[in-house]
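Peer 1: My structure is in model-v2.pdb, and what it holds is PDB, C-alpha atoms:
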```pdb
ATOM      1  CA  MET A   1      52.161 -36.519  -4.407  1.00  0.00           C
ATOM      2  CA  SER A   2      48.456 -36.079  -4.102  1.00  0.00           C
ATOM      3  CA  VAL A   3      46.730 -32.761  -4.459  1.00  0.00           C
ATOM      4  CA  ASP A   4      45.674 -32.894  -0.786  1.00  0.00           C
ATOM      5  CA  ALA A   5      49.258 -32.771   0.410  1.00  0.00           C
ATOM      6  CA  ILE A   6      49.962 -29.354  -1.102  1.00  0.00           C
ATOM      7  CA  GLU A   7      49.810 -26.700   1.566  1.00  0.00           C
ATOM      8  CA  THR A   8      49.164 -23.075   0.849  1.00  0.00           C
ATOM      9  CA  LYS A   9      51.740 -20.785   2.363  1.00  0.00           C
ATOM     10  CA  SER A  10      49.784 -17.592   1.977  1.00  0.00           C
ATOM     11  CA  LYS A  11      48.272 -16.018   5.031  1.00  0.00           C
ATOM     12  CA  GLU A  12      44.510 -16.205   5.244  1.00  0.00           C
ATOM     13  CA  TYR A  13      42.750 -12.879   5.635  1.00  0.00           C
ATOM     14  CA  ILE A  14      40.472 -12.769   8.648  1.00  0.00           C
ATOM     15  CA  ARG A  15      38.109  -9.836   8.627  1.00  0.00           C
ATOM     16  CA  PRO A  16      38.302  -8.073  12.003  1.00  0.00           C
ATOM     17  CA  MET A  17      35.113  -8.293  14.035  1.00  0.00           C
ATOM     18  CA  PRO A  18      34.567  -5.677  16.737  1.00  0.00           C
ATOM     19  CA  ALA A  19      33.405  -7.129  20.075  1.00  0.00           C
ATOM     20  CA  ASN A  20      30.251  -5.033  19.989  1.00  0.00           C
ATOM     21  CA  TRP A  21      29.110  -6.212  16.520  1.00  0.00           C
ATOM     22  CA  TRP A  22      25.813  -7.452  17.939  1.00  0.00           C
ATOM     23  CA  MET A  23      24.845  -4.013  19.250  1.00  0.00           C
ATOM     24  CA  THR A  24      24.638  -2.576  15.756  1.00  0.00           C
ATOM     25  CA  LYS A  25      21.243  -4.043  14.815  1.00  0.00           C
ATOM     26  CA  LYS A  26      18.046  -4.821  16.721  1.00  0.00           C
ATOM     27  CA  THR A  27      17.832  -8.339  15.274  1.00  0.00           C
ATOM     28  CA  TYR A  28      21.420  -9.045  16.394  1.00  0.00           C
ATOM     29  CA  VAL A  29      20.580  -7.902  19.934  1.00  0.00           C
ATOM     30  CA  SER A  30      17.525 -10.162  20.153  1.00  0.00           C
ATOM     31  CA  PHE A  31      19.602 -13.049  18.764  1.00  0.00           C
ATOM     32  CA  ILE A  32      22.274 -12.586  21.446  1.00  0.00           C
ATOM     33  CA  VAL A  33      19.627 -12.204  24.192  1.00  0.00           C
ATOM     34  CA  ARG A  34      17.968 -15.413  22.972  1.00  0.00           C
ATOM     35  CA  GLU A  35      21.290 -17.266  23.045  1.00  0.00           C
ATOM     36  CA  LEU A  36      22.130 -15.861  26.493  1.00  0.00           C
ATOM     37  CA  THR A  37      18.892 -17.253  27.964  1.00  0.00           C
ATOM     38  CA  CYS A  38      20.845 -20.526  28.128  1.00  0.00           C
ATOM     39  CA  ILE A  39      22.735 -19.158  31.150  1.00  0.00           C
ATOM     40  CA  PHE A  40      19.473 -18.901  33.088  1.00  0.00           C
ATOM     41  CA  VAL A  41      18.256 -22.297  31.824  1.00  0.00           C
ATOM     42  CA  GLY A  42      21.532 -23.894  32.986  1.00  0.00           C
ATOM     43  CA  GLY A  43      21.560 -21.873  36.208  1.00  0.00           C
ATOM     44  CA  TYR A  44      18.104 -23.079  37.164  1.00  0.00           C
ATOM     45  CA  ALA A  45      19.115 -26.677  36.358  1.00  0.00           C
ATOM     46  CA  LEU A  46      21.974 -26.231  38.869  1.00  0.00           C
ATOM     47  CA  PHE A  47      19.482 -24.853  41.412  1.00  0.00           C
ATOM     48  CA  LEU A  48      17.413 -28.027  40.938  1.00  0.00           C
ATOM     49  CA  LEU A  49      20.538 -30.194  41.247  1.00  0.00           C
ATOM     50  CA  VAL A  50      21.278 -28.776  44.727  1.00  0.00           C
ATOM     51  CA  LEU A  51      17.601 -29.166  45.649  1.00  0.00           C
ATOM     52  CA  ALA A  52      17.812 -32.823  44.562  1.00  0.00           C
ATOM     53  CA  ALA A  53      20.984 -33.282  46.615  1.00  0.00           C
ATOM     54  CA  ARG A  54      19.058 -32.097  49.704  1.00  0.00           C
ATOM     55  CA  LEU A  55      16.021 -34.366  49.263  1.00  0.00           C
ATOM     56  CA  GLU A  56      16.816 -36.357  52.421  1.00  0.00           C
ATOM     57  CA  GLU A  57      17.508 -33.276  54.582  1.00  0.00           C
ATOM     58  CA  PRO A  58      14.278 -31.342  55.340  1.00  0.00           C
ATOM     59  CA  GLU A  59      15.975 -28.274  56.901  1.00  0.00           C
ATOM     60  CA  ALA A  60      18.584 -27.886  54.170  1.00  0.00           C
ATOM     61  CA  PHE A  61      15.887 -28.401  51.503  1.00  0.00           C
ATOM     62  CA  ALA A  62      13.673 -25.663  53.001  1.00  0.00           C
ATOM     63  CA  ALA A  63      16.666 -23.340  53.476  1.00  0.00           C
ATOM     64  CA  TRP A  64      17.574 -23.664  49.769  1.00  0.00           C
ATOM     65  CA  LEU A  65      13.982 -22.786  48.787  1.00  0.00           C
ATOM     66  CA  ASN A  66      13.759 -19.853  51.212  1.00  0.00           C
ATOM     67  CA  SER A  67      17.121 -18.219  50.449  1.00  0.00           C
ATOM     68  CA  PRO A  68      16.398 -14.547  49.554  1.00  0.00           C
ATOM     69  CA  LEU A  69      19.298 -14.417  47.073  1.00  0.00           C
ATOM     70  CA  LEU A  70      18.055 -17.512  45.230  1.00  0.00           C
ATOM     71  CA  ILE A  71      14.505 -16.135  45.178  1.00  0.00           C
ATOM     72  CA  ILE A  72      15.788 -12.936  43.539  1.00  0.00           C
ATOM     73  CA  LEU A  73      17.853 -14.954  41.032  1.00  0.00           C
ATOM     74  CA  GLN A  74      14.784 -17.019  40.134  1.00  0.00           C
ATOM     75  CA  ILE A  75      12.688 -13.868  39.679  1.00  0.00           C
ATOM     76  CA  VAL A  76      15.380 -12.609  37.270  1.00  0.00           C
ATOM     77  CA  ALA A  77      15.582 -16.005  35.538  1.00  0.00           C
ATOM     78  CA  LEU A  78      11.830 -16.370  34.990  1.00  0.00           C
ATOM     79  CA  PRO A  79      11.439 -13.742  32.215  1.00  0.00           C
ATOM     80  CA  MET A  80      14.617 -15.004  30.517  1.00  0.00           C
ATOM     81  CA  VAL A  81      13.354 -18.603  30.547  1.00  0.00           C
ATOM     82  CA  LEU A  82       9.965 -17.383  29.288  1.00  0.00           C
ATOM     83  CA  TYR A  83      11.802 -15.622  26.449  1.00  0.00           C
ATOM     84  CA  HIS A  84      13.486 -18.939  25.666  1.00  0.00           C
ATOM     85  CA  SER A  85      10.081 -20.715  25.647  1.00  0.00           C
ATOM     86  CA  ILE A  86       8.500 -18.129  23.337  1.00  0.00           C
ATOM     87  CA  THR A  87      11.404 -17.985  20.870  1.00  0.00           C
ATOM     88  CA  TRP A  88      11.673 -21.795  20.928  1.00  0.00           C
ATOM     89  CA  ILE A  89       7.970 -22.345  20.220  1.00  0.00           C
ATOM     90  CA  ASN A  90       7.996 -19.659  17.516  1.00  0.00           C
ATOM     91  CA  LEU A  91      10.783 -21.589  15.764  1.00  0.00           C
ATOM     92  CA  THR A  92       8.975 -24.961  15.784  1.00  0.00           C
ATOM     93  CA  PRO A  93       7.107 -24.323  12.474  1.00  0.00           C
ATOM     94  CA  LYS A  94      10.501 -23.709  10.816  1.00  0.00           C
ATOM     95  CA  VAL A  95      11.956 -26.959  12.154  1.00  0.00           C
ATOM     96  CA  MET A  96       8.812 -29.057  11.823  1.00  0.00           C
ATOM     97  CA  VAL A  97       7.211 -28.699   8.414  1.00  0.00           C
ATOM     98  CA  VAL A  98       3.950 -30.650   8.468  1.00  0.00           C
ATOM     99  CA  TRP A  99       2.105 -31.610   5.296  1.00  0.00           C
ATOM    100  CA  ARG A 100      -1.560 -32.545   5.194  1.00  0.00           C
ATOM    101  CA  GLY A 101      -1.916 -34.183   1.824  1.00  0.00           C
ATOM    102  CA  GLU A 102      -0.794 -31.608  -0.712  1.00  0.00           C
ATOM    103  CA  GLU A 103      -1.223 -28.716   1.651  1.00  0.00           C
ATOM    104  CA  ARG A 104       1.361 -27.410   4.074  1.00  0.00           C
ATOM    105  CA  VAL A 105      -0.042 -26.935   7.592  1.00  0.00           C
ATOM    106  CA  SER A 106       0.092 -23.233   8.464  1.00  0.00           C
ATOM    107  CA  PRO A 107       3.049 -22.234  10.685  1.00  0.00           C
ATOM    108  CA  LEU A 108       0.545 -20.391  12.886  1.00  0.00           C
ATOM    109  CA  VAL A 109      -1.342 -23.642  13.538  1.00  0.00           C
ATOM    110  CA  ILE A 110       1.855 -25.497  14.516  1.00  0.00           C
ATOM    111  CA  ALA A 111       3.088 -22.733  16.839  1.00  0.00           C
ATOM    112  CA  GLY A 112      -0.451 -22.305  18.212  1.00  0.00           C
ATOM    113  CA  ALA A 113      -0.734 -26.025  19.001  1.00  0.00           C
ATOM    114  CA  ASN A 114       2.572 -25.797  20.878  1.00  0.00           C
ATOM    115  CA  TYR A 115       1.353 -22.799  22.886  1.00  0.00           C
ATOM    116  CA  VAL A 116      -1.845 -24.677  23.794  1.00  0.00           C
ATOM    117  CA  ALA A 117       0.171 -27.758  24.839  1.00  0.00           C
ATOM    118  CA  TRP A 118       2.485 -25.531  26.906  1.00  0.00           C
ATOM    119  CA  ALA A 119      -0.471 -23.938  28.698  1.00  0.00           C
ATOM    120  CA  ILE A 120      -2.201 -27.273  29.395  1.00  0.00           C
ATOM    121  CA  LEU A 121       1.007 -28.878  30.716  1.00  0.00           C
ATOM    122  CA  SER A 122       1.753 -25.879  32.949  1.00  0.00           C
ATOM    123  CA  ILE A 123      -1.772 -25.776  34.404  1.00  0.00           C
ATOM    124  CA  ALA A 124      -1.765 -29.554  34.925  1.00  0.00           C
ATOM    125  CA  ILE A 125       1.556 -29.447  36.804  1.00  0.00           C
ATOM    126  CA  PHE A 126       0.349 -26.518  38.920  1.00  0.00           C
ATOM    127  CA  TYR A 127      -2.817 -28.433  39.892  1.00  0.00           C
ATOM    128  CA  LEU A 128      -0.894 -31.645  40.588  1.00  0.00           C
ATOM    129  CA  VAL A 129       1.471 -29.847  42.958  1.00  0.00           C
ATOM    130  CA  CYS A 130      -0.717 -27.232  44.634  1.00  0.00           C
ATOM    131  CA  ILE A 131      -4.254 -28.637  44.759  1.00  0.00           C
TER     132      ILE A 131
ATOM    133  CA  MET M 132      32.960 -36.828   4.895  1.00  0.00           C
ATOM    134  CA  ALA M 133      34.558 -36.334   8.269  1.00  0.00           C
ATOM    135  CA  ARG M 134      32.850 -37.961  11.200  1.00  0.00           C
ATOM    136  CA  SER M 135      31.413 -35.511  13.668  1.00  0.00           C
ATOM    137  CA  ASN M 136      29.783 -35.650  17.076  1.00  0.00           C
ATOM    138  CA  GLU M 137      27.675 -32.648  16.137  1.00  0.00           C
ATOM    139  CA  PRO M 138      24.390 -34.596  15.576  1.00  0.00           C
ATOM    140  CA  ILE M 139      24.581 -36.084  19.088  1.00  0.00           C
ATOM    141  CA  PHE M 140      25.158 -32.722  20.767  1.00  0.00           C
ATOM    142  CA  TRP M 141      22.591 -31.007  18.589  1.00  0.00           C
ATOM    143  CA  SER M 142      19.978 -33.634  19.524  1.00  0.00           C
ATOM    144  CA  LEU M 143      20.702 -33.158  23.227  1.00  0.00           C
ATOM    145  CA  PHE M 144      20.595 -29.353  22.740  1.00  0.00           C
ATOM    146  CA  SER M 145      17.274 -29.631  20.984  1.00  0.00           C
ATOM    147  CA  ALA M 146      15.766 -32.046  23.527  1.00  0.00           C
ATOM    148  CA  GLY M 147      16.945 -29.771  26.342  1.00  0.00           C
ATOM    149  CA  GLY M 148      15.447 -26.770  24.570  1.00  0.00           C
ATOM    150  CA  VAL M 149      12.053 -28.459  24.375  1.00  0.00           C
ATOM    151  CA  VAL M 150      12.134 -29.619  28.001  1.00  0.00           C
ATOM    152  CA  ALA M 151      13.226 -26.187  29.238  1.00  0.00           C
ATOM    153  CA  ALA M 152      10.655 -24.376  27.096  1.00  0.00           C
ATOM    154  CA  PHE M 153       7.695 -26.466  28.254  1.00  0.00           C
ATOM    155  CA  PHE M 154       8.537 -27.343  31.863  1.00  0.00           C
ATOM    156  CA  MET M 155      10.954 -24.784  33.275  1.00  0.00           C
ATOM    157  CA  PRO M 156       8.678 -21.705  33.614  1.00  0.00           C
ATOM    158  CA  ILE M 157       6.007 -23.548  35.647  1.00  0.00           C
ATOM    159  CA  THR M 158       8.695 -25.228  37.778  1.00  0.00           C
ATOM    160  CA  ILE M 159      10.305 -21.855  38.542  1.00  0.00           C
ATOM    161  CA  LEU M 160       6.866 -20.508  39.484  1.00  0.00           C
ATOM    162  CA  LEU M 161       6.415 -23.459  41.839  1.00  0.00           C
ATOM    163  CA  THR M 162       9.784 -23.087  43.576  1.00  0.00           C
ATOM    164  CA  VAL M 163       9.699 -19.283  43.787  1.00  0.00           C
ATOM    165  CA  ILE M 164       6.054 -18.432  44.447  1.00  0.00           C
ATOM    166  CA  ALA M 165       4.146 -21.516  45.631  1.00  0.00           C
ATOM    167  CA  VAL M 166       6.121 -21.870  48.874  1.00  0.00           C
ATOM    168  CA  PRO M 167       6.105 -18.180  50.000  1.00  0.00           C
ATOM    169  CA  ALA M 168       2.441 -17.844  48.947  1.00  0.00           C
ATOM    170  CA  GLY M 169       1.548 -20.796  51.165  1.00  0.00           C
ATOM    171  CA  LEU M 170       0.170 -22.914  48.288  1.00  0.00           C
ATOM    172  CA  ILE M 171       2.456 -25.737  49.402  1.00  0.00           C
ATOM    173  CA  SER M 172       4.925 -26.046  52.283  1.00  0.00           C
ATOM    174  CA  ALA M 173       8.632 -26.632  51.687  1.00  0.00           C
ATOM    175  CA  GLU M 174       8.190 -29.972  53.449  1.00  0.00           C
ATOM    176  CA  GLY M 175       5.238 -30.844  51.207  1.00  0.00           C
ATOM    177  CA  LEU M 176       7.313 -30.033  48.149  1.00  0.00           C
ATOM    178  CA  ARG M 177      10.173 -32.155  49.502  1.00  0.00           C
ATOM    179  CA  GLN M 178       7.921 -35.170  50.038  1.00  0.00           C
ATOM    180  CA  LEU M 179       6.439 -34.711  46.566  1.00  0.00           C
ATOM    181  CA  ALA M 180       9.957 -34.452  45.107  1.00  0.00           C
ATOM    182  CA  SER M 181      10.884 -37.760  46.779  1.00  0.00           C
ATOM    183  CA  HIS M 182       8.331 -39.659  44.695  1.00  0.00           C
ATOM    184  CA  PRO M 183       9.974 -41.781  41.952  1.00  0.00           C
ATOM    185  CA  LEU M 184       8.054 -40.029  39.152  1.00  0.00           C
ATOM    186  CA  THR M 185       9.068 -36.588  40.447  1.00  0.00           C
ATOM    187  CA  ARG M 186      12.664 -37.799  40.675  1.00  0.00           C
ATOM    188  CA  LEU M 187      12.475 -38.776  37.015  1.00  0.00           C
ATOM    189  CA  TYR M 188      10.965 -35.353  36.213  1.00  0.00           C
ATOM    190  CA  LEU M 189      13.779 -33.600  38.091  1.00  0.00           C
ATOM    191  CA  PHE M 190      16.444 -35.733  36.399  1.00  0.00           C
ATOM    192  CA  VAL M 191      15.118 -34.852  32.944  1.00  0.00           C
ATOM    193  CA  LEU M 192      14.774 -31.175  33.911  1.00  0.00           C
ATOM    194  CA  ILE M 193      18.380 -31.062  35.192  1.00  0.00           C
ATOM    195  CA  SER M 194      20.270 -33.129  32.618  1.00  0.00           C
ATOM    196  CA  LEU M 195      18.818 -32.131  29.240  1.00  0.00           C
ATOM    197  CA  PRO M 196      18.716 -28.360  29.919  1.00  0.00           C
ATOM    198  CA  MET M 197      22.396 -28.574  30.956  1.00  0.00           C
ATOM    199  CA  PHE M 198      23.245 -29.998  27.509  1.00  0.00           C
ATOM    200  CA  HIS M 199      21.091 -27.247  26.020  1.00  0.00           C
ATOM    201  CA  TRP M 200      23.147 -24.681  27.952  1.00  0.00           C
ATOM    202  CA  ALA M 201      26.442 -26.337  26.961  1.00  0.00           C
ATOM    203  CA  HIS M 202      25.677 -26.217  23.239  1.00  0.00           C
ATOM    204  CA  ARG M 203      24.340 -22.661  23.155  1.00  0.00           C
ATOM    205  CA  PHE M 204      26.947 -21.277  25.501  1.00  0.00           C
ATOM    206  CA  ARG M 205      29.965 -22.633  23.587  1.00  0.00           C
ATOM    207  CA  PHE M 206      28.771 -20.846  20.458  1.00  0.00           C
ATOM    208  CA  VAL M 207      27.508 -17.596  21.999  1.00  0.00           C
ATOM    209  CA  ALA M 208      30.760 -17.224  23.967  1.00  0.00           C
ATOM    210  CA  VAL M 209      32.675 -17.307  20.670  1.00  0.00           C
ATOM    211  CA  ASP M 210      30.143 -14.908  19.085  1.00  0.00           C
ATOM    212  CA  LEU M 211      30.838 -12.490  21.930  1.00  0.00           C
ATOM    213  CA  GLY M 212      34.590 -12.591  21.368  1.00  0.00           C
ATOM    214  CA  CYS M 213      36.008 -15.577  23.307  1.00  0.00           C
ATOM    215  CA  LYS M 214      37.735 -16.929  20.187  1.00  0.00           C
ATOM    216  CA  SER M 215      40.991 -17.752  21.952  1.00  0.00           C
ATOM    217  CA  ILE M 216      39.338 -20.418  24.134  1.00  0.00           C
ATOM    218  CA  SER M 217      37.094 -21.856  21.412  1.00  0.00           C
ATOM    219  CA  GLY M 218      39.210 -25.032  21.429  1.00  0.00           C
ATOM    220  CA  ILE M 219      38.561 -25.996  25.051  1.00  0.00           C
ATOM    221  CA  LEU M 220      35.052 -24.501  25.357  1.00  0.00           C
ATOM    222  CA  PRO M 221      33.230 -27.590  24.015  1.00  0.00           C
ATOM    223  CA  VAL M 222      35.179 -29.865  26.368  1.00  0.00           C
ATOM    224  CA  VAL M 223      34.413 -27.642  29.367  1.00  0.00           C
ATOM    225  CA  CYS M 224      30.739 -27.123  28.446  1.00  0.00           C
ATOM    226  CA  TYR M 225      29.738 -30.668  27.477  1.00  0.00           C
ATOM    227  CA  GLY M 226      31.957 -31.982  30.308  1.00  0.00           C
ATOM    228  CA  THR M 227      30.079 -29.832  32.843  1.00  0.00           C
ATOM    229  CA  ALA M 228      26.748 -31.074  31.497  1.00  0.00           C
ATOM    230  CA  LEU M 229      27.943 -34.675  31.776  1.00  0.00           C
ATOM    231  CA  VAL M 230      29.195 -34.200  35.356  1.00  0.00           C
ATOM    232  CA  VAL M 231      25.900 -32.534  36.373  1.00  0.00           C
ATOM    233  CA  THR M 232      23.986 -35.421  34.758  1.00  0.00           C
ATOM    234  CA  LEU M 233      25.981 -37.978  36.749  1.00  0.00           C
ATOM    235  CA  LEU M 234      25.527 -35.981  39.981  1.00  0.00           C
ATOM    236  CA  ALA M 235      21.765 -35.738  39.362  1.00  0.00           C
ATOM    237  CA  LEU M 236      21.651 -39.488  38.717  1.00  0.00           C
ATOM    238  CA  PHE M 237      23.565 -40.110  41.946  1.00  0.00           C
ATOM    239  CA  HIS M 238      21.293 -37.887  44.070  1.00  0.00           C
ATOM    240  CA  LEU M 239      17.993 -38.898  42.513  1.00  0.00           C
ATOM    241  CA  VAL M 240      18.491 -42.655  42.202  1.00  0.00           C
ATOM    242  CA  THR M 241      19.909 -43.360  45.657  1.00  0.00           C
TER     243      THR M 241
END
```
Please lay out the structure from this file as structure tokens.
Peer 2:
Amino acid sequence: MSVDAIETKSKEYIRPMPANWWMTKKTYVSFIVRELTCIFVGGYALFLLVLAARLEEPEAFAAWLNSPLLIILQIVALPMVLYHSITWINLTPKVMVVWRGEERVSPLVIAGANYVAWAILSIAIFYLVCI
Amino acid sequence: MARSNEPIFWSLFSAGGVVAAFFMPITILLTVIAVPAGLISAEGLRQLASHPLTRLYLFVLISLPMFHWAHRFRFVAVDLGCKSISGILPVVCYGTALVVTLLALFHLVT
């Protein structure tokens, strides 16, 4: 009989975790808020899916864009998605460590470059669509 | 070492995070403000959205952020106490993202 086959019969202790654990510290709250931004990211993707489904129907397409409820939901979603963008870009220097020869490129430079790229892309898309 | 699908889902989560971070705020601004402010008509936006490149843009902005949602949501739901359904959560979340991807493909390619 191999060692792997031996099962432990003792009961594992699982430390109880109160449901409101994340309210006990500011950093926990901002972590949970950051994770919850995904609901707004996914929600807006669903909004776009319905918009895409109505591409061939001008009235239904316009009605989806002009719905007061959906406009309010988008106004609520915008700051949450912006929070996602900011937290995501701020994490890029941690994920992407860039070396220039022997020197590590400053995290501020990496995050800054991402912010600049974000701004340029956003302005370019705005001009392409509106002007 | 046990085989895991984690790298695949993490890659999709990460790609969706990038796409959502860079392209979602400006797209929300366009759909929520540009039309009421008269910068573009709903019909103008519809014709623009019918262009093949815009269809590709919409597909990417629908599919990848859904996988981003799926990955974050399955973990944050457990963090917030939904431990009892942690077994089916990944199936439901990634399944939803896959269905939405196929629907987007269907609507944007035809």
Peer 1: Up to 7 Å from chain M, what residues of chain A turn up? Count only C-alpha atoms and give them as a ChimeraX atom specification.
Peer 2: /A:19,35,38-39,41-42,45,48-49,52-53,55,58,62,65,71,74,78,81-82,84-85,88,118,122,130
Peer 1: So which residues touch A:Gly112 within 10 Å, counting only C-alpha atoms, skipping near sequence neighbours fewer than 4 positions away, as JSON, numbers by chain?
Peer 2: {"A": [89, 90, 93, 106, 107, 108, 116, 117, 118]}
Peer 1: Between atom CA of A:Phe126 and atom CA of M:Tyr188, what is the distance, to one decimal in Å?
Peer 2: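 Between these atoms lies a distance of 14.1 Å.
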Peer 1: In Å, how far is it from atom CA of A:Leu69 to atom CA of A:Leu36?
Peer 2: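 Here the two named atoms are 20.8 Å from each other.
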Peer 1: Residues within 12 Å of A:Val97, please, as a list in words. Count all atoms listed in the file; anything in the same chain fewer than 2 positions from it doesn't count.
Peer 2: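 Answer for this query is Leu91, Thr92, Pro93, Lys94, Val95, Trp99, Arg100, Glu103, Arg104, Val105, Ser106, Pro107, Leu108, Val109, Ile110 and Ala111 of chain A.
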Peer 1: How far is it from atom CA of A:Phe40 to atom CA of A:Ala77, in Å with one decimal?
Peer 2: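 Computing it gives 5.4 Å between the two atoms.
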Peer 1: Check the smallest atom-to-atom distance from each of A:Ile131, A:Pro18, A:Met80, A:Ile86 to A:Gly43 using only C-alpha atoms, then report the winner.
Peer 2: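 Using only C-alpha atoms, A:Gly43 sits closest to A:Met80.
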